[in-house]
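A.B. asks: Sharing start.tsv below, TSV, C-alpha atoms and all ligand atoms:
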```
chain	number	residue	atom	x	y	z
B	1	MET	CA	113.35	77.66	97.94
B	2	ASN	CA	110.03	78.54	96.29
B	3	GLN	CA	109.65	80.15	92.84
B	4	ARG	CA	108.46	83.48	94.25
B	5	ASN	CA	111.59	83.80	96.39
B	6	GLU	CA	113.74	82.75	93.42
B	7	GLY	CA	112.15	85.57	91.39
B	8	GLN	CA	112.79	88.08	94.17
B	9	ARG	CA	116.42	87.04	94.46
B	10	ALA	CA	116.92	87.52	90.72
B	11	LEU	CA	115.46	91.03	91.02
B	12	TRP	CA	117.96	92.01	93.73
B	13	ARG	CA	121.11	90.70	92.04
B	14	GLY	CA	123.35	93.58	90.93
B	15	LYS	CA	120.84	96.18	92.13
B	16	ASP	CA	121.83	99.61	93.50
B	17	ILE	CA	120.16	100.62	96.77
B	18	LEU	CA	119.76	104.38	96.43
B	19	SER	CA	116.35	105.31	97.83
B	20	VAL	CA	113.45	103.70	99.62
B	21	LYS	CA	111.31	104.84	96.69
B	22	GLN	CA	112.53	101.77	94.80
B	23	PHE	CA	110.80	99.33	97.20
B	24	ASP	CA	107.29	97.96	97.40
B	25	ARG	CA	105.82	95.95	100.26
B	26	GLN	CA	106.78	92.65	98.69
B	27	ASP	CA	110.44	93.78	98.57
B	28	LEU	CA	110.30	94.85	102.20
B	29	GLU	CA	108.79	91.58	103.42
B	30	PHE	CA	111.41	89.69	101.42
B	31	VAL	CA	114.37	91.63	102.87
B	32	MET	CA	113.00	91.28	106.39
B	33	GLY	CA	112.70	87.53	105.83
B	34	VAL	CA	116.31	87.25	104.66
B	35	ALA	CA	117.42	89.42	107.61
B	36	ARG	CA	115.64	86.97	109.93
B	37	GLN	CA	117.65	84.12	108.38
B	38	MET	CA	120.86	86.12	108.88
B	39	ARG	CA	119.97	86.66	112.52
B	40	GLU	CA	119.54	82.91	112.99
B	41	VAL	CA	122.94	82.28	111.40
B	42	VAL	CA	124.68	84.86	113.59
B	43	GLU	CA	123.00	83.66	116.75
B	44	ARG	CA	123.63	79.96	116.02
B	45	VAL	CA	127.09	79.92	114.45
B	46	GLY	CA	128.31	83.53	114.12
B	47	THR	CA	129.56	83.42	110.54
B	48	TRP	CA	128.68	81.99	107.11
B	49	GLU	CA	131.06	81.81	104.14
B	50	LEU	CA	128.42	82.98	101.67
B	51	LEU	CA	130.45	85.92	100.33
B	52	ARG	CA	133.92	84.36	100.54
B	53	GLY	CA	136.17	85.99	97.94
B	54	ARG	CA	133.90	89.04	97.57
B	55	VAL	CA	135.15	92.54	98.42
B	56	LEU	CA	133.23	95.52	99.82
B	57	ALA	CA	134.56	99.07	99.41
B	58	ASN	CA	133.22	101.08	102.37
B	59	LEU	CA	133.59	104.74	101.36
B	60	PHE	CA	132.59	107.33	103.97
B	61	TYR	CA	132.94	111.08	103.33
B	62	GLU	CA	131.02	111.84	106.57
B	63	PRO	CA	131.48	110.44	110.09
B	64	SER	CA	129.78	107.18	111.00
B	65	THR	CA	130.01	104.56	113.71
B	66	ARG	CA	127.01	102.25	113.19
B	67	THR	CA	126.52	102.26	109.41
B	68	SER	CA	130.20	101.94	108.64
B	69	SER	CA	131.02	99.27	111.21
B	70	SER	CA	127.83	97.26	110.67
B	71	PHE	CA	128.47	97.02	106.91
B	72	MET	CA	132.04	95.91	107.67
B	73	ALA	CA	130.84	93.38	110.24
B	74	ALA	CA	128.15	92.16	107.85
B	75	MET	CA	130.68	91.53	105.06
B	76	GLN	CA	133.13	89.85	107.40
B	77	ARG	CA	130.49	87.63	109.02
B	78	LEU	CA	129.61	86.45	105.50
B	79	GLY	CA	133.23	85.57	104.77
B	80	GLY	CA	134.03	88.56	102.55
B	81	THR	CA	136.64	91.28	102.98
B	82	VAL	CA	136.48	95.07	103.19
B	83	ILE	CA	138.41	98.07	101.85
B	84	PRO	CA	137.60	100.60	104.58
B	85	ILE	CA	137.91	104.28	103.57
B	86	SER	CA	136.55	106.20	106.52
B	87	SER	CA	139.11	108.97	106.53
B	88	VAL	CA	138.83	110.41	103.04
B	89	GLN	CA	141.37	113.11	104.02
B	90	TYR	CA	144.01	110.39	103.77
B	91	SER	CA	142.78	109.20	100.35
B	92	SER	CA	143.25	110.88	96.97
B	93	VAL	CA	140.00	112.77	97.62
B	94	SER	CA	142.23	115.25	99.52
B	95	LYS	CA	144.19	115.80	96.26
B	96	GLY	CA	140.97	116.83	94.56
B	97	GLU	CA	139.89	113.53	93.02
B	98	SER	CA	136.25	113.64	91.92
B	99	LEU	CA	133.56	111.28	93.20
B	100	PRO	CA	133.17	109.60	89.76
B	101	ASP	CA	136.91	108.88	89.57
B	102	THR	CA	137.01	107.61	93.16
B	103	ILE	CA	134.09	105.31	92.38
B	104	ARG	CA	135.71	104.05	89.16
B	105	THR	CA	138.87	103.32	91.14
B	106	LEU	CA	137.16	101.40	93.92
B	107	GLU	CA	135.06	99.51	91.42
B	108	ALA	CA	138.26	98.14	89.93
B	109	TYR	CA	139.07	96.52	93.28
B	110	SER	CA	135.71	95.55	94.74
B	111	ASP	CA	132.34	93.93	94.04
B	112	VAL	CA	130.05	96.38	95.89
B	113	ILE	CA	130.47	99.96	97.16
B	114	VAL	CA	128.81	101.45	100.23
B	115	LEU	CA	128.86	105.26	100.04
B	116	ARG	CA	128.11	107.99	102.59
B	117	HIS	CA	128.44	111.53	101.24
B	118	PRO	CA	127.34	115.02	102.35
B	119	GLU	CA	125.57	115.86	99.08
B	120	VAL	CA	122.02	114.83	98.20
B	121	GLY	CA	122.11	112.63	95.10
B	122	ALA	CA	125.75	111.55	95.52
B	123	ALA	CA	124.87	107.85	95.60
B	124	ALA	CA	122.77	108.21	92.43
B	125	LEU	CA	125.67	110.01	90.76
B	126	ALA	CA	128.08	107.24	91.84
B	127	ALA	CA	125.70	104.62	90.43
B	128	LYS	CA	125.95	106.26	86.99
B	129	TYR	CA	129.67	105.57	86.94
B	130	ALA	CA	129.65	102.10	88.49
B	131	SER	CA	128.50	98.82	87.05
B	132	ASN	CA	128.75	97.10	90.46
B	133	PRO	CA	126.06	97.80	93.07
B	134	ILE	CA	126.17	101.10	94.99
B	135	ILE	CA	124.51	101.21	98.40
B	136	ASN	CA	123.51	104.63	99.72
B	137	ALA	CA	124.67	104.90	103.35
B	138	GLY	CA	123.32	108.46	103.67
B	139	ASP	CA	123.44	111.33	101.14
B	140	GLY	CA	123.40	114.63	103.01
B	141	VAL	CA	119.88	115.57	104.09
B	142	GLY	CA	118.47	113.25	101.41
B	143	GLU	CA	117.97	109.60	102.32
B	144	HIS	CA	119.36	106.78	104.44
B	145	PRO	CA	117.56	103.78	102.92
B	146	THR	CA	119.37	101.00	104.76
B	147	GLN	CA	118.63	102.73	108.08
B	148	ALA	CA	114.95	102.85	107.15
B	149	LEU	CA	115.03	99.14	106.33
B	150	LEU	CA	116.53	98.34	109.71
B	151	ASP	CA	114.06	100.69	111.43
B	152	LEU	CA	111.15	98.93	109.73
B	153	THR	CA	112.61	95.54	110.70
B	154	THR	CA	112.89	96.71	114.31
B	155	ILE	CA	109.25	97.79	114.41
B	156	SER	CA	108.08	94.57	112.76
B	157	GLU	CA	110.17	92.26	114.97
B	158	GLU	CA	109.53	94.10	118.23
B	159	LEU	CA	105.80	94.72	117.81
B	160	GLY	CA	104.93	91.77	115.56
B	161	GLN	CA	103.42	93.91	112.78
B	162	VAL	CA	103.55	97.35	111.19
B	163	ASP	CA	99.95	97.74	110.00
B	164	GLY	CA	97.66	99.47	112.46
B	165	LEU	CA	100.38	101.35	114.36
B	166	LYS	CA	100.55	104.99	115.41
B	167	ILE	CA	104.11	106.20	114.95
B	168	ALA	CA	105.62	109.51	116.10
B	169	LEU	CA	108.77	110.86	114.45
B	170	VAL	CA	110.30	113.40	116.83
B	171	GLY	CA	113.04	116.03	116.64
B	172	ASP	CA	114.91	117.28	113.58
B	173	LEU	CA	112.58	116.25	110.78
B	174	LYS	CA	114.01	118.85	108.40
B	175	TYR	CA	117.60	117.67	108.23
B	176	GLY	CA	117.23	114.11	109.55
B	177	ARG	CA	117.60	111.85	106.53
B	178	THR	CA	116.57	108.75	108.51
B	179	VAL	CA	113.06	110.14	109.04
B	180	HIS	CA	112.74	111.16	105.39
B	181	SER	CA	113.36	107.55	104.35
B	182	LEU	CA	111.35	106.01	107.18
B	183	ALA	CA	108.21	108.11	106.60
B	184	ARG	CA	108.23	107.06	102.94
B	185	LEU	CA	108.66	103.36	103.80
B	186	LEU	CA	105.99	103.42	106.49
B	187	SER	CA	103.54	104.97	104.05
B	188	LEU	CA	103.46	101.59	102.29
B	189	TYR	CA	101.74	100.25	105.42
B	190	ASN	CA	98.45	101.09	107.07
B	191	VAL	CA	99.90	103.44	109.72
B	192	GLU	CA	99.16	106.85	111.22
B	193	LEU	CA	102.15	109.21	111.23
B	194	HIS	CA	102.72	112.01	113.75
B	195	TYR	CA	105.51	114.52	113.12
B	196	VAL	CA	106.68	116.26	116.31
B	197	SER	CA	109.21	119.07	115.82
B	198	PRO	CA	109.93	122.75	116.40
B	199	THR	CA	108.44	124.88	113.59
B	200	SER	CA	111.89	125.49	112.11
B	201	LEU	CA	112.58	121.73	111.80
B	202	LYS	CA	109.36	120.46	110.24
B	203	MET	CA	109.19	117.51	107.86
B	204	PRO	CA	109.97	118.80	104.33
B	205	GLN	CA	106.88	119.49	102.24
B	206	SER	CA	108.24	117.21	99.49
B	207	VAL	CA	108.15	114.21	101.86
B	208	VAL	CA	104.72	115.16	103.24
B	209	GLU	CA	103.34	115.38	99.69
B	210	GLU	CA	104.80	112.01	98.69
B	211	VAL	CA	103.38	110.33	101.77
B	212	ALA	CA	100.01	112.04	101.22
B	213	LYS	CA	99.72	110.33	97.83
B	214	THR	CA	99.50	106.97	99.62
B	215	GLY	CA	96.56	108.17	101.74
B	216	THR	CA	98.55	107.77	104.99
B	217	PRO	CA	97.17	110.06	107.74
B	218	GLN	CA	99.83	112.62	108.79
B	219	HIS	CA	99.63	115.04	111.72
B	220	GLU	CA	102.08	117.77	112.76
B	221	HIS	CA	102.67	118.80	116.38
B	222	GLU	CA	105.10	120.97	118.32
B	223	ASP	CA	104.21	119.45	121.68
B	224	LEU	CA	105.14	115.82	122.31
B	225	GLU	CA	102.42	115.63	124.98
B	226	ALA	CA	99.84	115.75	122.18
B	227	VAL	CA	100.71	112.18	121.14
B	228	LEU	CA	102.87	110.65	123.87
B	229	GLU	CA	100.14	108.57	125.48
B	230	GLN	CA	98.78	107.20	122.20
B	231	VAL	CA	101.70	106.10	120.07
B	232	ASN	CA	103.04	102.58	119.60
B	233	VAL	CA	106.42	103.84	118.39
B	234	LEU	CA	108.29	106.95	119.50
B	235	TYR	CA	111.16	107.50	117.05
B	236	VAL	CA	113.41	110.25	118.41
B	237	THR	CA	116.17	111.95	116.42
B	238	ARG	CA	119.14	114.21	117.10
B	239	VAL	CA	119.14	117.82	115.95
B	240	GLN	CA	121.70	117.70	113.13
B	241	LYS	CA	124.20	120.33	114.30
B	242	GLU	CA	126.42	119.82	111.25
B	243	ARG	CA	123.62	121.03	108.91
B	244	PHE	CA	123.12	124.40	110.68
B	245	ASP	CA	124.64	127.69	109.49
B	246	ASP	CA	123.16	129.54	112.48
B	247	MET	CA	124.68	128.05	115.66
B	248	ALA	CA	122.57	130.33	117.89
B	249	LEU	CA	119.44	128.75	116.39
B	250	TYR	CA	120.90	125.28	116.97
B	251	GLU	CA	121.62	126.08	120.63
B	252	ARG	CA	118.07	127.40	121.09
B	253	ILE	CA	116.30	124.31	119.76
B	254	GLN	CA	118.65	121.40	120.38
B	255	GLY	CA	117.12	120.51	123.77
B	256	SER	CA	113.51	120.80	122.58
B	257	TYR	CA	112.62	117.16	123.30
B	258	VAL	CA	114.32	115.09	125.99
B	259	ILE	CA	112.95	111.67	126.86
B	260	THR	CA	113.34	110.86	130.56
B	261	PRO	CA	111.89	108.17	132.86
B	262	GLN	CA	109.12	110.70	133.64
B	263	THR	CA	108.27	110.88	129.92
B	264	MET	CA	108.25	107.10	129.66
B	265	ALA	CA	105.93	106.85	132.66
B	266	ARG	CA	103.23	108.53	130.56
B	267	ALA	CA	103.81	106.41	127.43
B	268	ARG	CA	102.01	103.14	126.64
B	269	GLN	CA	103.32	100.03	128.35
B	270	ASP	CA	103.46	98.19	124.99
B	271	MET	CA	105.21	100.93	122.99
B	272	ILE	CA	108.84	101.02	121.85
B	273	LEU	CA	111.28	103.91	121.95
B	274	MET	CA	113.63	104.10	118.96
B	275	HIS	CA	116.53	106.36	117.92
B	276	PRO	CA	118.87	105.92	114.93
B	277	LEU	CA	121.77	107.06	117.17
B	278	PRO	CA	124.06	108.77	117.94
B	279	ARG	CA	122.08	110.51	120.67
B	280	VAL	CA	123.33	113.76	122.14
B	281	GLY	CA	120.98	114.26	125.06
B	282	GLU	CA	117.57	113.50	123.46
B	283	ILE	CA	117.14	110.35	125.57
B	284	SER	CA	118.49	110.32	129.10
B	285	MET	CA	120.68	107.34	129.97
B	286	GLU	CA	118.31	106.47	132.82
B	287	VAL	CA	115.84	105.34	130.15
B	288	ASP	CA	118.21	102.67	128.83
B	289	ALA	CA	117.09	100.06	131.39
B	290	ASP	CA	113.43	100.42	130.38
B	291	PRO	CA	112.48	97.31	128.34
B	292	ARG	CA	110.67	99.61	125.90
B	293	ALA	CA	113.98	101.29	125.02
B	294	ALA	CA	114.65	99.52	121.71
B	295	TYR	CA	117.48	101.66	120.30
B	296	PHE	CA	120.35	99.30	121.07
B	297	ARG	CA	118.38	96.33	119.74
B	298	GLN	CA	117.55	98.50	116.69
B	299	MET	CA	121.27	98.95	116.05
B	300	ARG	CA	121.76	95.18	116.19
B	301	TYR	CA	118.99	94.60	113.60
B	302	GLY	CA	121.16	96.76	111.34
B	303	LEU	CA	123.76	94.02	111.18
B	304	PHE	CA	121.22	91.42	110.02
B	305	VAL	CA	119.59	93.75	107.48
B	306	ARG	CA	122.97	94.73	106.01
B	307	MET	CA	124.03	91.07	105.81
B	308	ALA	CA	120.78	90.46	103.91
B	309	LEU	CA	121.36	93.39	101.54
B	310	LEU	CA	124.96	92.46	100.75
B	311	SER	CA	124.07	88.83	100.05
B	312	LEU	CA	121.13	89.87	97.85
B	313	VAL	CA	122.87	92.50	95.70
B	314	LEU	CA	125.83	90.15	95.27
B	315	GLY	CA	123.44	87.39	94.20
B	316	ARG	CA	124.62	84.87	96.75
B	317	GLN	CA	121.70	83.36	98.63
C	1	LIG	N1	122.32	105.72	112.43
C	1	LIG	C1	123.45	106.08	111.81
C	1	LIG	O1	123.47	106.34	110.60
C	1	LIG	O2	124.55	106.11	112.63
C	1	LIG	P1	126.02	106.46	112.15
C	1	LIG	O3	126.03	107.91	111.72
C	1	LIG	O4	126.89	106.20	113.35
C	1	LIG	O5	126.36	105.57	110.99
```
Using the file provided, produce a representation of the structure as structure tokens.

C.D. replies:
Amino acid sequence: MNQRNEGQRALWRGKDILSVKQFDRQDLEFVMGVARQMREVVERVGTWELLRGRVLANLFYEPSTRTSSSFMAAMQRLGGTVIPISSVQYSSVSKGESLPDTIRTLEAYSDVIVLRHPEVGAAALAAKYASNPIINAGDGVGEHPTQALLDLTTISEELGQVDGLKIALVGDLKYGRTVHSLARLLSLYNVELHYVSPTSLKMPQSVVEEVAKTGTPQHEHEDLEAVLEQVNVLYVTRVQKERFDDMALYERIQGSYVITPQTMARARQDMILMHPLPRVGEISMEVDADPRAAYFRQMRYGLFVRMALLSLVLGRQ
């Protein structure tokens, strides 16, 4: 292990993962390198007892399939154990227990806490009350930093590089926390970003302004056709029904962009199609057999990235 890597590992030990704003390119390259090692371990032998004796508290106040189960799988593949709290209605949260008290409780039993919560800033609040690492698994319409790390890893592994790419983020850019985190991360690279959405679901101005500070070119479109034939990455998202007060508006715009084999026929042959999942009609199932459809591989990269993050914040590499 070289000295630079040793220094990086020391920086990660005990660290909260709350926002992509805390990362620079060196951090990203380092995590992707560790994730690559984790992939080799899983593909060669399946498990590694690196985190034996360590406990993860997996606390989810909102539904999840991928983030929740991939963190659990990551901990178990590294020999650790998990306290899974995915149904907070059956925990003392239903008796009115506050987030700080729930965090203090779980901290007494675990070494690291993964938290998904409907309120922006919940993970940062939890981190104030915890001395063990808190990992943000999605805070309302705020951020989803570990998703962005796995998205970046997918782009890098599938296309061999991130610099020089044209990337379109499509769908619900207003409420989709994955695109808020991903746009910020991508702005650390030499990319061109295209935001494709209905007017009512545009990328928040706060994110656009942050990205603009890096000098990254950003373009807004309503029509996917404007960029379909050019982009290297088409990152499609679900319209976030649960964030809408006006269901009539949701019904009007939820089918705005649907990727079909006909759409893919007009896209580049060397592009990839991504989606954080779950999908609810934005990509037709007929597209799944297209080799450019990367969304199930993307999900799998999540396991390796989360194994990397757990091992790093727990200081066991
Ligand atoms: N991508 C993602 O966050 O999926 P889940 O909601 O299933 O965790």

A.B. asks: Any chance you could tabulate, as CSV, the residues of chain B at most 10 Å from ligand LIG 1 (chain C) with each one's nearest atom pair and distance in Å to one decimal, using all atoms listed in the file, in chain and rising number order?

C.D. replies:
```
residue,atom,partner,partner_atom,distance
B:Phe60,CA,C:LIG1,O5,9.5
B:Glu62,CA,C:LIG1,O3,8.2
B:Pro63,CA,C:LIG1,O3,6.2
B:Ser64,CA,C:LIG1,O5,3.8
B:Thr65,CA,C:LIG1,O4,3.5
B:Arg66,CA,C:LIG1,O4,4.0
B:Thr67,CA,C:LIG1,O5,3.7
B:Ser68,CA,C:LIG1,O5,5.8
B:Ser69,CA,C:LIG1,O5,7.8
B:Ser70,CA,C:LIG1,O5,8.4
B:Phe71,CA,C:LIG1,O5,9.7
B:Arg116,CA,C:LIG1,O5,8.9
B:Ala137,CA,C:LIG1,O1,7.5
B:Gly138,CA,C:LIG1,O1,7.2
B:His144,CA,C:LIG1,O1,7.4
B:Thr146,CA,C:LIG1,O1,8.9
B:Gln147,CA,C:LIG1,N1,6.4
B:Ala148,CA,C:LIG1,N1,9.5
B:Leu150,CA,C:LIG1,N1,9.8
B:Asp151,CA,C:LIG1,N1,9.7
B:Arg177,CA,C:LIG1,O1,9.0
B:Thr178,CA,C:LIG1,N1,7.6
B:Thr237,CA,C:LIG1,N1,9.6
B:His275,CA,C:LIG1,N1,8.0
B:Pro276,CA,C:LIG1,N1,4.3
B:Leu277,CA,C:LIG1,N1,5.0
B:Pro278,CA,C:LIG1,O2,6.0
B:Arg279,CA,C:LIG1,O2,9.5
B:Gln298,CA,C:LIG1,N1,9.6
B:Met299,CA,C:LIG1,N1,7.7
B:Gly302,CA,C:LIG1,N1,9.1
```

A.B. asks: Need to verify the contact set: Glu229 in chain B, 6 Å, all atoms listed in the file, exclusion of same-chain residues closer than 3 positions in sequence. Can you return it as number ranges by chain?

C.D. replies: B: 266-268

A.B. asks: Using all atoms listed in the file, pick whichever of B:Ser197, B:Gln37, B:Thr102, B:Ser156 has the shortest atom-to-atom distance to Glu225 in chain B.

C.D. replies: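 Of B:Ser197, B:Gln37, B:Thr102, B:Ser156, the one nearest Glu225 in chain B, counting all atoms listed in the file, is B:Ser197.
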
A.B. asks: Please list as a ChimeraX atom specification every residue within 8 Å of Met72 in chain B, counting all atoms listed in the file and excluding residues in the same chain fewer than 2 positions away.

C.D. replies: /B:56,58,68-70,74-76,82,84

A.B. asks: So which residues touch Gly164 in chain B within 9 Å, counting only C-alpha atoms, skipping near sequence neighbours fewer than 5 positions away, as a list in words?

C.D. replies: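 Those residues are Tyr189, Asn190, Val191 and Glu192 of chain B.
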
A.B. asks: Using only C-alpha atoms, find the one residue out of B:Ile167, B:Met203, B:Met264, B:Ala130 that sits nearest to Ser187 in chain B.

C.D. replies: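 Looking at the shortest contact to Ser187 in chain B, the residue is B:Ile167.
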
A.B. asks: Measure the distance from CA of Phe23 in chain B to CA of Leu59 in chain B in Å and round it to one decimal.

C.D. replies: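 According to the coordinates, CA of Phe23 in chain B and CA of Leu59 in chain B are separated by 23.8 Å.
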
A.B. asks: If I only have part of range 242-258 of chain B, can you fill in N, CA and C atoms and write it as a PDB file, keeping the file's coordinate frame?

C.D. replies:
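What ended up in rebuild.pdb:
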```pdb
ATOM      1  N   GLU B 242     125.527 119.613 112.398  1.00  0.00           N
ATOM      2  CA  GLU B 242     126.420 119.820 111.250  1.00  0.00           C
ATOM      3  C   GLU B 242     125.715 120.436 110.042  1.00  0.00           C
ATOM      4  N   ARG B 243     124.357 120.461 110.050  1.00  0.00           N
ATOM      5  CA  ARG B 243     123.620 121.030 108.910  1.00  0.00           C
ATOM      6  C   ARG B 243     123.240 122.494 109.145  1.00  0.00           C
ATOM      7  N   PHE B 244     123.544 123.030 110.332  1.00  0.00           N
ATOM      8  CA  PHE B 244     123.120 124.400 110.680  1.00  0.00           C
ATOM      9  C   PHE B 244     124.178 125.423 110.311  1.00  0.00           C
ATOM     10  N   ASP B 245     123.737 126.545 109.674  1.00  0.00           N
ATOM     11  CA  ASP B 245     124.640 127.690 109.490  1.00  0.00           C
ATOM     12  C   ASP B 245     124.582 128.580 110.723  1.00  0.00           C
ATOM     13  N   ASP B 246     123.397 128.634 111.364  1.00  0.00           N
ATOM     14  CA  ASP B 246     123.160 129.540 112.480  1.00  0.00           C
ATOM     15  C   ASP B 246     123.275 128.752 113.802  1.00  0.00           C
ATOM     16  N   MET B 247     124.447 128.835 114.441  1.00  0.00           N
ATOM     17  CA  MET B 247     124.680 128.050 115.660  1.00  0.00           C
ATOM     18  C   MET B 247     123.805 128.524 116.826  1.00  0.00           C
ATOM     19  N   ALA B 248     123.435 129.821 116.816  1.00  0.00           N
ATOM     20  CA  ALA B 248     122.570 130.330 117.890  1.00  0.00           C
ATOM     21  C   ALA B 248     121.203 129.643 117.811  1.00  0.00           C
ATOM     22  N   LEU B 249     120.721 129.444 116.574  1.00  0.00           N
ATOM     23  CA  LEU B 249     119.440 128.750 116.390  1.00  0.00           C
ATOM     24  C   LEU B 249     119.570 127.304 116.877  1.00  0.00           C
ATOM     25  N   TYR B 250     120.676 126.658 116.513  1.00  0.00           N
ATOM     26  CA  TYR B 250     120.900 125.280 116.970  1.00  0.00           C
ATOM     27  C   TYR B 250     120.846 125.201 118.496  1.00  0.00           C
ATOM     28  N   GLU B 251     121.571 126.098 119.160  1.00  0.00           N
ATOM     29  CA  GLU B 251     121.620 126.080 120.630  1.00  0.00           C
ATOM     30  C   GLU B 251     120.219 126.267 121.223  1.00  0.00           C
ATOM     31  N   ARG B 252     119.406 127.117 120.552  1.00  0.00           N
ATOM     32  CA  ARG B 252     118.070 127.400 121.090  1.00  0.00           C
ATOM     33  C   ARG B 252     117.150 126.176 121.015  1.00  0.00           C
ATOM     34  N   ILE B 253     117.300 125.381 119.949  1.00  0.00           N
ATOM     35  CA  ILE B 253     116.300 124.310 119.760  1.00  0.00           C
ATOM     36  C   ILE B 253     116.818 122.908 120.043  1.00  0.00           C
ATOM     37  N   GLN B 254     118.130 122.762 120.319  1.00  0.00           N
ATOM     38  CA  GLN B 254     118.650 121.400 120.380  1.00  0.00           C
ATOM     39  C   GLN B 254     118.129 120.595 121.575  1.00  0.00           C
ATOM     40  N   GLY B 255     117.671 121.261 122.631  1.00  0.00           N
ATOM     41  CA  GLY B 255     117.120 120.510 123.770  1.00  0.00           C
ATOM     42  C   GLY B 255     115.607 120.483 123.788  1.00  0.00           C
ATOM     43  N   SER B 256     114.978 120.659 122.624  1.00  0.00           N
ATOM     44  CA  SER B 256     113.510 120.800 122.580  1.00  0.00           C
ATOM     45  C   SER B 256     112.774 119.575 123.127  1.00  0.00           C
ATOM     46  N   TYR B 257     113.296 118.385 122.854  1.00  0.00           N
ATOM     47  CA  TYR B 257     112.620 117.160 123.300  1.00  0.00           C
ATOM     48  C   TYR B 257     113.650 116.262 123.987  1.00  0.00           C
ATOM     49  N   VAL B 258     113.427 115.991 125.263  1.00  0.00           N
ATOM     50  CA  VAL B 258     114.320 115.090 125.990  1.00  0.00           C
ATOM     51  C   VAL B 258     113.455 114.022 126.653  1.00  0.00           C
TER      52      VAL B 258
END
```
